[in-house]
Amino acid sequence: MKTTTHAGIGSFPTDPAGLPAPEATRIVELADGDTYDLRITPIANRVGDDTVRMLGYNGSVPGPTLRVRQGSEIAVRVLNDGDHETTVHWHGLRLANQYDGVPFETQPPIPVGGEFTYRLRFPDDGLYWYHPHVREDYGLEMGLYGAILVDPADPEAWAPVDQEVVATLDDVLIEDGRIASFSAAGPTYTAMGRFGNVMLTSGETDLRLAVRTGSVVRFFVVNTANTRIFNVSIPGARMKLVGGDNGRYEHEAFVDAVLLAPSERAAVDVLFTSAGVFAIEHNTPTQAYRLGEVVVAGEPGARSRVETFERLRDNDELARERARLADECARVPDKTLVFDAEMPLLYGGEQQQGSAWTCPMHPEVVSDTQATCPKCGMKLIAVVGSPSPTDSRHGMELGGHVEHGDTGDGLEWEDLMPDINARADGTNMIWKLVDRETGKVNHAIDWTFRVADRVKIRLVNTMDSDHPMHHPFHVHGVGRFLVIAREDVPASNLVWKDTVLVRSGETVDIVLHVTEPGRWMAHCHIAEHNQNGMMFSLDVEPG
């Protein structure tokens, strides 16, 4: 069997021979007090034209969808029959700190052949998910993720619909008929993150859903990809955004598409008024990817949902929070966190005298002075002689630039530097979260709060960086937050969140409601960034 050895955590087998085929993803309804077993095992999964070795929770990719009721508590016993030590992080849940799944901080990693029992509580309704927090770049790519749907205690909280669908959005990188290899020393593709070349919707490359004409379908969607942003639409059908990371929006709103960064979630009601085949698409500013299709057929049912669909409902809880928004926006932030990067891969060493300068993402940009690229804001790099896409003082190919990924909107939709990105690792691409007040970086940051604090945090994604790009910033189960402003413009539609997308060059203000004592992690949710050190922990004392 071919393997890639990883020092300290076992090996990463690559051969699917002899492994079982995946099972269908199940929805498991769990009542208050239930115990459920979740086993990690290798499987041989069919991805497009290839059969590849992956990992699954209870034999499926994605793992089982756990459906519970708000206010309940359950136990989940995780049995690790995979290929490396691991944990499970229960993304977005406010829970007891010792069950958060952070290795060496809230628990020791679960060894191969070992087990650990998590005790979970569900104070909030909404869509959540679970995934590893040891070599997250590997675990997510290999298929270790699953959804958690928490039904509200109030049965009238959501509008009635005809059907519900829980969908995960992912991509995987296939090379030579296998999932592309991983480094033994740590994550690679650390510049932009590991983009895939095959899309998976609920684990399928050709997802197909059947719906009756006239139905309203509620899609609960979570982005489980390592780095890719998804912009989801269903052309020809009407869409209504009703929920986000941690429950319902302040105001429901009709939308054409929903943008989700890695780990973000959304609940979207979709009305299908006529029969036909409707594509589920991921649309970037320059192209469209087909993620699946909805086949609508049959005569409309006796009860029409159109009237209910047309009504835009409000969330009273968030209306009350709205009343405090003016004061929150006006006051000085309690903390300011800067997103920054050093890239010795391109900018290390002394610059040559008399060099020309060019952009690593736009080799056609050439300057006789060191500056920043007018197209993307990256610093120019020195080249000796006549610059070209394959000529740089670092001896690296600058070719492979994906022109259709450059959109000027602060988002990187594609891998803009595939050759450089593949060479990037923890030694030559250094991502940093910086406490502006103290200058402390990543794990050296030492914030301390108390239960019941309302902490205003300003997130600054600086363009004065070796590699300015977007980051989805995630805070573990310390509480939940509201995005109150972007670029000093107050938010028009509030929703409780645990992850916020911060575009390159953008400043975002959030207010974190601290509810749980303990030591909690915060990080960028691009897997290759957080595994490369772009994370820190904050301490919460009891109130």
# chains A, B, ... in the order shown; residues from 1 in each chain; ligands from 1

call {"tool": "select_by_dssp", "arguments": {"residues": "stretch 424-508 of chain A", "states": "strand (DSSP E or B)", "output": "ChimeraX atom specification"}}
result
/A:425,430-435,441,448-450,454-461,471-475,479-486,489-490,496-497,499-502,507-508

call {"tool": "residues_around", "arguments": {"residues": "stretch 433-442 of chain A", "least_positions_apart": "2", "cutoff": "7 Å", "atoms": "only C-alpha atoms", "output": "MDAnalysis selection string"}}
result
chainID A and resid 336:340 444:445 533:536

call {"tool": "closest_residue", "arguments": {"among": "A:Pro374, A:Gly243, A:Gly114, A:Gly426", "to": "A:Leu127", "atoms": "only C-alpha atoms"}}
result
A:Gly243

call {"tool": "closest_residue", "arguments": {"among": "A:Arg228, A:His470, A:Arg303, A:His89", "to": "A:Val216", "atoms": "only C-alpha atoms"}}
result
A:Arg303

call {"tool": "residues_around", "arguments": {"residues": "A:Val222", "least_positions_apart": "6", "cutoff": "12 Å", "atoms": "only C-alpha atoms", "output": "ChimeraX atom specification"}}
result
/A:62,65,91-92,126-130,145-149,165-170,201-202,229-232,243-246,258-268,499

call {"tool": "residues_around", "arguments": {"residues": "A:Ala191", "least_positions_apart": "3", "cutoff": "9 Å", "atoms": "only C-alpha atoms", "output": "list in words"}}
result
Thr188, Arg194, Met343, Met417, Ile420, Asn421, Ala422, Arg423, Ala424, Asp425, Met429, Ile430, Trp431, His467, Glu528 and His529 of chain A

call {"tool": "residues_around", "arguments": {"residues": "A:Val478", "least_positions_apart": "3", "cutoff": "8 Å", "atoms": "only C-alpha atoms", "output": "list in words"}}
result
Arg94, Val475, Val514, Thr515, Glu516, Pro517, Gly518, Trp520 and Val540 of chain A

call {"tool": "closest_residue", "arguments": {"among": "A:Asp100, A:Glu164, A:Asp314, A:Glu105", "to": "A:Ile27", "atoms": "only C-alpha atoms"}}
result
A:Glu164

call {"tool": "closest_residue", "arguments": {"among": "A:His251, A:Thr273, A:Ser537, A:Asp171", "to": "A:Ala225", "atoms": "only C-alpha atoms"}}
result
A:Asp171

call {"tool": "residues_around", "arguments": {"residues": "A:Leu93", "least_positions_apart": "5", "cutoff": "8 Å", "atoms": "only C-alpha atoms", "output": "ChimeraX atom specification"}}
result
/A:121-122,124,128,476-477

call {"tool": "residues_around", "arguments": {"residues": "stretch 173-175 of chain A", "least_positions_apart": "5", "cutoff": "9 Å", "atoms": "only C-alpha atoms", "output": "MDAnalysis selection string"}}
result
chainID A and resid 47 50 52 141 180:181 194:198

call {"tool": "closest_residue", "arguments": {"among": "A:Gly543, A:Pro152, A:Gly214, A:Gly193", "to": "A:Val306", "atoms": "only C-alpha atoms"}}
result
A:Gly214

call {"tool": "atom_distance", "arguments": {"atom1": "atom CA of A:Gly113", "atom2": "atom CA of A:Gly101"}}
result
17.4 Å

call {"tool": "select_by_dssp", "arguments": {"residues": "stretch 235-480 of chain A", "states": "helix (DSSP H, G or I)", "output": "number ranges by chain"}}
result
A: 306-310, 316-322, 325-330, 344-347, 403-405, 418-423, 442-444

call {"tool": "atom_distance", "arguments": {"atom1": "atom CA of A:Leu416", "atom2": "atom CA of A:Met192"}}
result
8.1 Å

call {"tool": "closest_residue", "arguments": {"among": "A:Pro160, A:Gly348, A:Pro155, A:Pro64", "to": "A:Arg311", "atoms": "only C-alpha atoms"}}
result
A:Pro160
